[in-house]
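Enquirer: Below are the C-alpha cells for one structure; questions will follow.
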Amino acid sequence: MRLPVIFTLQAAWLSLCQTMQHYQSTWGHYDMCKSQVYTEEGLTWDYMACQPESADMTKFLKVTLDPPNITCGDPPETYCALENPYMCNNECDAATEELAHPPELMFDNEGRNPTTFWQSTSWRKHPKPLLVNITISWNKTIELTDDIVITFESGRPEQMMLEKSLDYGRTWQPYQFYATDCLDAFTMEPKTVLDLSQNTLLDIICTEDYSRGYVWKNDKMVRFEIKDRFALFAGPKLHNMASLYGQLDTTKNLRDFFTVTDLRLRLLRPATGATGVDENNLSRYFYAISDIKVNGRCKCNLHANSCIYDKEKLSCECEHNTTGPDCGRCKRNYQGRAWSPGSYLPIPKGTANICVPNNIVPVIRQNVSSLGVANRNQAPQVALSTAPSVQVANSKRARVCDNELQRCQNGGVCLNNLRCQCPAGFSGLLCEKPRCENEAGGCGDPDSGQAALSPTAALSLLLPPALALTPLLLGDVHWPTLL
C-alpha cells in the first residue's frame, strides 16, 4: 500500500513544482487588462494592471546623424584595416548599392553574409576630433526591458557616451560613459555595473570594459546593462520580480531611469590601436556599426496590453476608460475621479485604477441645429451634462448605460444607450434607487410595496437572460464554490 501512496505524493510534488515554475515565469507579465468574473452581484468585470509584451523596438524608430554628411561614400573612399595598415580593401561608395553603408544598416537583420553596416567617413581631418551623434527616436515613451547592445564592425571607440531623453529630444542626460581611460577622458573613476548597489543604481558611471581592442566576435559589442540593474532588486536570475515591481511602483526616479523617448550615441574618439594614430594612414580610423539592439515596451501607464504602429507612429490601445498615446488621461465622460496610472501592486494582478463615469444627469432639450434654431422635425433628444447649465452637443452624447460597464440595475432595460427603463419598484439613472426610499415609512415599511429580493432573484436581474435561468434550474446555487 505504501508504494502507490509514495508515487501519488511524488506526482503531486512534481505537479506543484511545475506550477510554481510556471507561476514565476508568467505572473509578472501583466498581459490581461480585464476578465469576467462571477460575484454576489452577478457577472462583472475584474480589472487588472496590464502592459504590452516586450518587443524589438528598433522596428519602430527613426535615426538621424549629426553631422548629416558624416556617412562614408560621398566622395567614394577606400579604408584600411586597423590591425593591418596594408590591408586596404574596404571601399565605400554611396552611389553603388553594394558598396554603400547608410544608417539604416545599423538596424537590419543580423546574420547576413557579408555583414551589412553603417560606416562613417575616415579621420582625414585629424587632429580635429571625429565626432558623430547618432540619435534614435520613437516619438513615444518607451520602457527598456533588456540590455542595449551596439555591435561595432570597426574597433570599439576609445571614447563614447550614451545619453537619454525623456522629452522627445529637447533635453538630454547621460546614461553611461565609455573610455579606455575614464580618468583621462571624463575625470571619472572607472566602474562596472557590478560595483552598483540598490542605493547607487541610479549613479552614472564610466566603464572601461567596452573600449579596448577586439579579438573575438563578442568583443565587438558595447552594452548598457539593464538586466544587471534589474538584478539588484530581482536577484541574479530575476526570480524575485515582485521586489523589482514593488520598487518600480513606489520609486518614480527608478521607473524614469528605465524610461526613454530618445537615445543618443555620442562617438567621441575612434579606436586607434596599440600604437596610437598613424598620421600617414588616417583611413584606418573610422566608426562602423553593424547592429543596435533595443528591447522594450510602449509605456502605457499599466492601462493597455498592446501597442499599435500606424502611420509611422506608436500608440497604446488603451483600456480602463483611458485615452492618449500613453493612456495618460481619462476618456471624456469618465472623469469621475482624477486619472492615475495603474499599479503593479498587489502582486500578481496589480491595481487597474480605472477611470470612472462622471456623476452625470440627463437633461431633456430639443435638437438644436448649428445655428441655434430648434429643429422641430426631429424628436426631442436627451443630452447629458455634469451640471444643469452645461449641455453636450447632440452628436457627442455620452452613454448613460450599456451592456458592459454601465448596466441598468434591478432589471432595468437600456434604451439606445441613453436611458434605463426601470421596473415599477425602482428609479434613478441606472434604476439603482428603490422608489420606496421616498415614502414615509421607507423601504422597511410593510406597506411600501417593495418586496425584498432573494439572492437568487437579485442575481437573475444582473445576468444576461440565458444565464439568469441558471439559478432557477439548479436551485439554491452557492456561487463561491463555482469560482
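Each chain in the C-alpha cells gets a letter, A, B, ..., in the order shown, and its residues are numbered from 1; ligands are numbered from 1 in order too.
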Would you pick out the contacts of region 355-359 of chain A at 6 Å or less, using only C-alpha atoms, so that residues sharing its chain but fewer than 3 positions from it are not included, and give the list as a list in words?
Expert: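 Close residues of region 355-359 of chain A: Asn321, Cys330, Asn333, Tyr334, Gln335 and Gly336 of chain A.
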Enquirer: Selection from above, C-alpha atoms, as a CSV table (one decimal), in the first residue's frame, can you write it?
Expert:
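Result saved to part_11.csv:
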chain,number,residue,atom,x,y,z
A,321,ASN,CA,-11.6,54.1,-19.9
A,330,CYS,CA,-9.4,59.7,-18.7
A,333,ASN,CA,-17.3,61.4,-19.6
A,334,TYR,CA,-15.1,59.1,-17.5
A,335,GLN,CA,-13.6,61.8,-15.3
A,336,GLY,CA,-15.5,60.9,-12.1
Enquirer: List as a list of chain:residue names the protein and nucleic acid residues near Leu194 (chain A), meaning an atom at most 12 Å away when only C-alpha atoms are counted, but skip any in the same chain fewer than 6 places from it.
Expert: A:Thr200, A:Leu201, A:Ile205, A:Thr207, A:Asp209, A:Glu225, A:Ile226, A:Lys227, A:Asp228, A:Arg229, A:Phe230, A:Ala231, A:Leu232, A:Pro236
Enquirer: Please, could you write that set of residues out with C-alpha atoms as a compact mmCIF listing (two decimals), in the first residue's frame?
Expert:
# COMPACT_ATOMS: atom_id res chain seq x y z
CA THR A 200 23.61 53.61 -6.12
CA LEU A 201 21.71 52.06 -9.04
CA ILE A 205 29.29 55.56 -14.25
CA THR A 207 33.34 51.94 -17.65
CA ASP A 209 35.13 47.27 -20.13
CA GLU A 225 23.34 46.71 -18.81
CA ILE A 226 19.62 46.85 -18.00
CA LYS A 227 19.21 43.33 -16.62
CA ASP A 228 22.16 43.61 -14.24
CA ARG A 229 20.48 46.67 -12.77
CA PHE A 230 17.15 44.82 -12.52
CA ALA A 231 19.01 42.03 -10.71
CA LEU A 232 19.90 44.35 -7.85
CA PRO A 236 20.76 37.23 -10.19
Enquirer: Run DSSP on the backbone and grab whatever in region 200-389 of chain A lands in strand (DSSP E or B); send it over as a ChimeraX atom specification.
Expert: /A:206-207,221-224,259-269,288-293,295-298,303,307-310,313-316,322-323,329-330,343,351,361-365,368,374,381-385
Enquirer: Those same residues - C-alpha atoms - I'd like them written as a CSV table (one decimal), in the first residue's frame.
Expert:
chain,number,residue,atom,x,y,z
A,206,CYS,CA,32.2,55.4,-16.7
A,207,THR,CA,33.3,51.9,-17.6
A,221,MET,CA,29.9,44.7,-28.6
A,222,VAL,CA,29.2,47.6,-26.3
A,223,ARG,CA,26.5,47.2,-23.7
A,224,PHE,CA,24.3,49.3,-21.4
A,259,THR,CA,12.1,55.1,-19.5
A,260,VAL,CA,13.1,57.0,-22.7
A,261,THR,CA,11.7,58.7,-25.7
A,262,ASP,CA,15.1,59.0,-27.4
A,263,LEU,CA,18.6,57.6,-27.1
A,264,ARG,CA,21.7,59.3,-28.4
A,265,LEU,CA,25.1,57.7,-29.0
A,266,ARG,CA,27.9,60.2,-29.0
A,267,LEU,CA,31.1,58.8,-30.6
A,268,LEU,CA,34.0,61.0,-29.4
A,269,ARG,CA,37.2,59.1,-30.5
A,288,ALA,CA,31.3,51.3,-38.3
A,289,ILE,CA,28.2,49.8,-36.6
A,290,SER,CA,26.5,46.6,-37.8
A,291,ASP,CA,23.7,46.3,-35.3
A,292,ILE,CA,22.0,48.1,-32.5
A,293,LYS,CA,19.5,46.2,-30.2
A,295,ASN,CA,14.3,45.8,-26.4
A,296,GLY,CA,11.4,47.4,-24.5
A,297,ARG,CA,7.7,48.1,-24.5
A,298,CYS,CA,5.4,51.1,-25.0
A,303,HIS,CA,-3.6,50.7,-18.8
A,307,CYS,CA,0.6,48.9,-28.7
A,308,ILE,CA,0.0,49.6,-32.4
A,309,TYR,CA,2.2,51.1,-35.1
A,310,ASP,CA,0.2,53.1,-37.5
A,313,LYS,CA,3.6,56.2,-35.0
A,314,LEU,CA,3.3,54.1,-31.9
A,315,SER,CA,0.4,54.4,-29.6
A,316,CYS,CA,-1.2,52.3,-26.8
A,322,THR,CA,-8.3,55.9,-20.6
A,323,THR,CA,-7.0,57.6,-23.7
A,329,ARG,CA,-5.8,60.7,-19.2
A,330,CYS,CA,-9.4,59.7,-18.7
A,343,SER,CA,-0.1,49.9,-10.1
A,351,THR,CA,-4.4,47.6,-9.4
A,361,VAL,CA,-27.6,63.7,-15.0
A,362,PRO,CA,-29.9,63.7,-18.1
A,363,VAL,CA,-31.2,67.0,-19.4
A,364,ILE,CA,-34.1,67.0,-21.9
A,365,ARG,CA,-33.7,69.5,-24.6
A,368,VAL,CA,-30.7,72.3,-31.9
A,374,ALA,CA,-34.7,74.3,-32.7
A,381,GLN,CA,-33.2,64.2,-27.6
A,382,VAL,CA,-31.6,63.5,-24.3
A,383,ALA,CA,-28.3,65.4,-23.8
A,384,LEU,CA,-26.1,64.7,-20.9
A,385,SER,CA,-24.1,67.1,-18.7
Enquirer: From the options A:His29, A:Ala185, A:Glu279, A:Ser306, which residue's atoms come nearest to Pro325 (chain A), counting only C-alpha atoms?
Expert: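 Checking each of A:His29, A:Ala185, A:Glu279, A:Ser306 against Pro325 (chain A), counting only C-alpha atoms, the winner is A:Ser306.
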Enquirer: Of the candidates A:Gln198, A:Thr115, A:Thr192, A:Arg124, which one gets nearest to Gly235 (chain A) if we count only C-alpha atoms?
Expert: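 Closest candidate: A:Gln198.
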Enquirer: Name the residues in contact with region 80-90 of chain A at a cut-off of 6 Å, using only C-alpha atoms, excluding same-chain residues fewer than 2 positions from it; report them as a ChimeraX atom specification.
Expert: /A:78,283-284
Enquirer: To one decimal place, how far is CA of Ser211 (chain A) from CA of Asp256 (chain A) in Å?
Expert: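 We find that CA of Ser211 (chain A) and CA of Asp256 (chain A) lie 27.3 Å from each other.
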Enquirer: Could you check how far CA of Ser120 (chain A) sits from CA of Phe177 (chain A), in Å to one decimal?
Expert: 20.9 Å
Enquirer: Which one of A:Trp45, A:Tyr287, A:Phe258, A:Tyr38 sits closest to His320 (chain A) if you count only C-alpha atoms?
Expert: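 Of A:Trp45, A:Tyr287, A:Phe258, A:Tyr38, the one nearest His320 (chain A) is A:Trp45, counting only C-alpha atoms.
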Enquirer: Tell me, as a PDB file with C-alpha atoms, in the first residue's frame, which residues lie within 6 Å of Gln51 (chain A), counting only C-alpha atoms; anything in the same chain fewer than 5 positions away does not count.
Expert:
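Written output follows (out-v7.pdb):
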ATOM      1  CA  TYR A  30       0.531  41.718 -16.609  1.00  0.00           C
ATOM      2  CA  ASP A  31      -0.818  40.757 -20.023  1.00  0.00           C
ATOM      3  CA  LEU A 302      -0.404  49.940 -16.948  1.00  0.00           C
ATOM      4  CA  ALA A 304      -3.030  48.733 -22.039  1.00  0.00           C
ATOM      5  CA  ASN A 305      -1.682  45.350 -23.061  1.00  0.00           C
TER       6      ASN A 305
END
Enquirer: Measuring atom to atom with only C-alpha atoms, identify which of A:Glu312, A:Asp74, A:Asp56, A:Glu432 is nearest to Asp93 (chain A).
Expert: A:Asp74
Enquirer: Within 6 Å of Ala352 (chain A), counting only C-alpha atoms, which residues show up once you throw out same-chain ones fewer than 6 positions away? Write them as a count of residues only, please.
Expert: 4
Enquirer: Distance CA of Asn253 (chain A)-CA of Phe233 (chain A), one decimal place?
Expert: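 Separation between CA of Asn253 (chain A) and CA of Phe233 (chain A): 14.8 Å.
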Enquirer: Contacts of Cys182 (chain A) at 10 Å or less, counting only C-alpha atoms, minus same-chain residues fewer than 2 places along, as a PyMOL selection string?
Expert: chain A and resi 158-159+177-180+184-191+205-208
Enquirer: Could you write out that same residue set with all heavy atoms as a CSV table (one decimal), in the first residue's frame?
Expert:
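Contents of out26.csv, as written:
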chain,number,residue,atom,x,y,z
A,158,GLU,N,37.3,54.5,-28.5
A,158,GLU,CA,38.1,54.8,-27.3
A,158,GLU,C,37.4,55.7,-26.3
A,158,GLU,O,37.6,55.6,-25.1
A,158,GLU,CB,39.5,55.3,-27.7
A,158,GLU,CG,40.3,54.3,-28.4
A,158,GLU,CD,41.7,54.8,-28.7
A,158,GLU,OE1,42.0,56.0,-28.4
A,158,GLU,OE2,42.5,54.1,-29.3
A,159,GLN,N,36.5,56.5,-26.9
A,159,GLN,CA,35.7,57.4,-26.0
A,159,GLN,C,34.3,57.5,-26.6
A,159,GLN,O,34.1,57.7,-27.8
A,159,GLN,CB,36.3,58.8,-25.9
A,159,GLN,CG,37.6,58.8,-25.2
A,159,GLN,CD,38.2,60.2,-25.2
A,159,GLN,OE1,37.5,61.2,-25.5
A,159,GLN,NE2,39.5,60.3,-24.9
A,177,PHE,N,29.1,56.5,-19.5
A,177,PHE,CA,30.3,56.9,-20.3
A,177,PHE,C,31.2,55.7,-20.5
A,177,PHE,O,31.2,54.7,-19.7
A,177,PHE,CB,31.1,57.9,-19.4
A,177,PHE,CG,30.4,59.2,-19.2
A,177,PHE,CD1,29.5,59.4,-18.1
A,177,PHE,CD2,30.7,60.3,-20.0
A,177,PHE,CE1,28.9,60.6,-17.9
A,177,PHE,CE2,30.1,61.5,-19.8
A,177,PHE,CZ,29.2,61.7,-18.8
A,178,TYR,N,31.9,55.7,-21.7
A,178,TYR,CA,32.8,54.6,-22.0
A,178,TYR,C,34.1,55.1,-22.5
A,178,TYR,O,34.2,56.1,-23.3
A,178,TYR,CB,32.2,53.8,-23.2
A,178,TYR,CG,30.8,53.2,-22.9
A,178,TYR,CD1,29.7,54.0,-23.1
A,178,TYR,CD2,30.6,51.9,-22.6
A,178,TYR,CE1,28.4,53.5,-22.9
A,178,TYR,CE2,29.3,51.4,-22.3
A,178,TYR,CZ,28.2,52.2,-22.5
A,178,TYR,OH,27.0,51.7,-22.2
A,179,ALA,N,35.2,54.6,-22.0
A,179,ALA,CA,36.5,55.1,-22.4
A,179,ALA,C,37.6,54.0,-22.1
A,179,ALA,O,37.4,53.2,-21.2
A,179,ALA,CB,36.9,56.4,-21.6
A,180,THR,N,38.7,54.1,-22.8
A,180,THR,CA,39.9,53.3,-22.5
A,180,THR,C,40.5,53.8,-21.2
A,180,THR,O,41.1,53.0,-20.5
A,180,THR,CB,40.9,53.3,-23.6
A,180,THR,OG1,41.2,54.7,-23.9
A,180,THR,CG2,40.4,52.6,-24.8
A,184,ASP,N,41.2,60.0,-17.7
A,184,ASP,CA,41.8,61.0,-18.6
A,184,ASP,C,40.7,61.5,-19.5
A,184,ASP,O,40.7,62.7,-19.8
A,184,ASP,CB,42.8,60.2,-19.5
A,184,ASP,CG,43.4,61.1,-20.6
A,184,ASP,OD1,44.0,62.1,-20.2
A,184,ASP,OD2,43.2,60.9,-21.8
A,185,ALA,N,39.7,60.7,-19.9
A,185,ALA,CA,38.7,61.2,-20.8
A,185,ALA,C,37.6,62.0,-20.1
A,185,ALA,O,37.2,63.0,-20.7
A,185,ALA,CB,38.1,60.0,-21.5
A,186,PHE,N,37.1,61.5,-19.0
A,186,PHE,CA,36.0,62.2,-18.3
A,186,PHE,C,36.2,62.5,-16.9
A,186,PHE,O,35.2,62.9,-16.2
A,186,PHE,CB,34.7,61.2,-18.4
A,186,PHE,CG,34.4,60.8,-19.9
A,186,PHE,CD1,34.6,59.5,-20.3
A,186,PHE,CD2,33.9,61.8,-20.7
A,186,PHE,CE1,34.2,59.2,-21.6
A,186,PHE,CE2,33.6,61.4,-22.0
A,186,PHE,CZ,33.7,60.1,-22.5
A,187,THR,N,37.4,62.4,-16.4
A,187,THR,CA,37.7,62.7,-15.0
A,187,THR,C,36.8,61.9,-14.0
A,187,THR,O,36.3,62.5,-13.1
A,187,THR,CB,37.7,64.2,-14.7
A,187,THR,OG1,36.4,64.7,-14.8
A,187,THR,CG2,38.7,65.0,-15.5
A,188,MET,N,36.6,60.7,-14.4
A,188,MET,CA,35.7,59.8,-13.6
A,188,MET,C,36.5,58.5,-13.2
A,188,MET,O,37.2,58.0,-14.1
A,188,MET,CB,34.4,59.4,-14.3
A,188,MET,CG,33.5,60.6,-14.7
A,188,MET,SD,32.1,60.2,-15.7
A,188,MET,CE,31.2,59.2,-14.5
A,189,GLU,N,36.3,58.0,-12.0
A,189,GLU,CA,36.9,56.7,-11.7
A,189,GLU,C,36.2,55.6,-12.4
A,189,GLU,O,35.0,55.6,-12.6
A,189,GLU,CB,36.7,56.5,-10.2
A,189,GLU,CG,37.5,57.4,-9.3
A,189,GLU,CD,39.0,57.0,-9.3
A,189,GLU,OE1,39.3,55.9,-9.7
A,189,GLU,OE2,39.8,57.8,-8.8
A,190,PRO,N,36.9,54.7,-13.0
A,190,PRO,CA,36.3,53.6,-13.7
A,190,PRO,C,35.5,52.7,-12.8
A,190,PRO,O,35.9,52.4,-11.7
A,190,PRO,CB,37.5,52.9,-14.4
A,190,PRO,CG,38.7,53.2,-13.5
A,190,PRO,CD,38.4,54.6,-13.0
A,191,LYS,N,34.3,52.3,-13.3
A,191,LYS,CA,33.5,51.3,-12.5
A,191,LYS,C,32.8,50.4,-13.5
A,191,LYS,O,32.8,50.6,-14.7
A,191,LYS,CB,32.4,52.1,-11.7
A,191,LYS,CG,32.9,52.9,-10.5
A,191,LYS,CD,31.8,53.5,-9.7
A,191,LYS,CE,32.3,54.3,-8.5
A,191,LYS,NZ,31.2,54.9,-7.7
A,205,ILE,N,27.9,56.0,-14.4
A,205,ILE,CA,29.3,55.6,-14.3
A,205,ILE,C,30.0,55.7,-15.6
A,205,ILE,O,29.4,55.8,-16.6
A,205,ILE,CB,29.3,54.1,-13.7
A,205,ILE,CG1,28.7,53.2,-14.8
A,205,ILE,CG2,28.6,54.0,-12.4
A,205,ILE,CD1,28.9,51.7,-14.4
A,206,CYS,N,31.3,55.6,-15.5
A,206,CYS,CA,32.2,55.4,-16.7
A,206,CYS,C,32.8,54.0,-16.6
A,206,CYS,O,33.4,53.7,-15.5
A,206,CYS,CB,33.3,56.5,-16.7
A,206,CYS,SG,34.4,56.3,-18.1
A,207,THR,N,32.8,53.3,-17.6
A,207,THR,CA,33.3,51.9,-17.6
A,207,THR,C,34.4,51.8,-18.7
A,207,THR,O,34.3,52.4,-19.8
A,207,THR,CB,32.3,50.9,-17.9
A,207,THR,OG1,32.8,49.6,-17.9
A,207,THR,CG2,31.5,51.1,-19.2
A,208,GLU,N,35.4,51.0,-18.4
A,208,GLU,CA,36.5,50.8,-19.4
A,208,GLU,C,36.3,49.4,-20.0
A,208,GLU,O,37.2,49.0,-20.8
A,208,GLU,CB,37.8,50.9,-18.7
A,208,GLU,CG,38.1,52.3,-18.2
A,208,GLU,CD,39.4,52.4,-17.4
A,208,GLU,OE1,40.1,51.4,-17.2
A,208,GLU,OE2,39.8,53.6,-17.0
Enquirer: Between A:Gln421, A:His126, A:Lys299, A:Ala55, which has the minimum distance to Asp146 (chain A) (counting only C-alpha atoms)?
Expert: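 Nearest candidate to Asp146 (chain A) out of A:Gln421, A:His126, A:Lys299, A:Ala55: A:Ala55.
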Enquirer: I need the alpha helix (DSSP H) residues of region 143-265 of chain A per DSSP on the backbone, written as a ChimeraX atom specification.
Expert: /A:182-186,227-234,241-250,252-257
Enquirer: Using only C-alpha atoms, can you tell me which of A:Glu53, A:Asp326, A:Asp203, A:Asp278 comes closest to Phe257 (chain A)?
Expert: A:Asp203
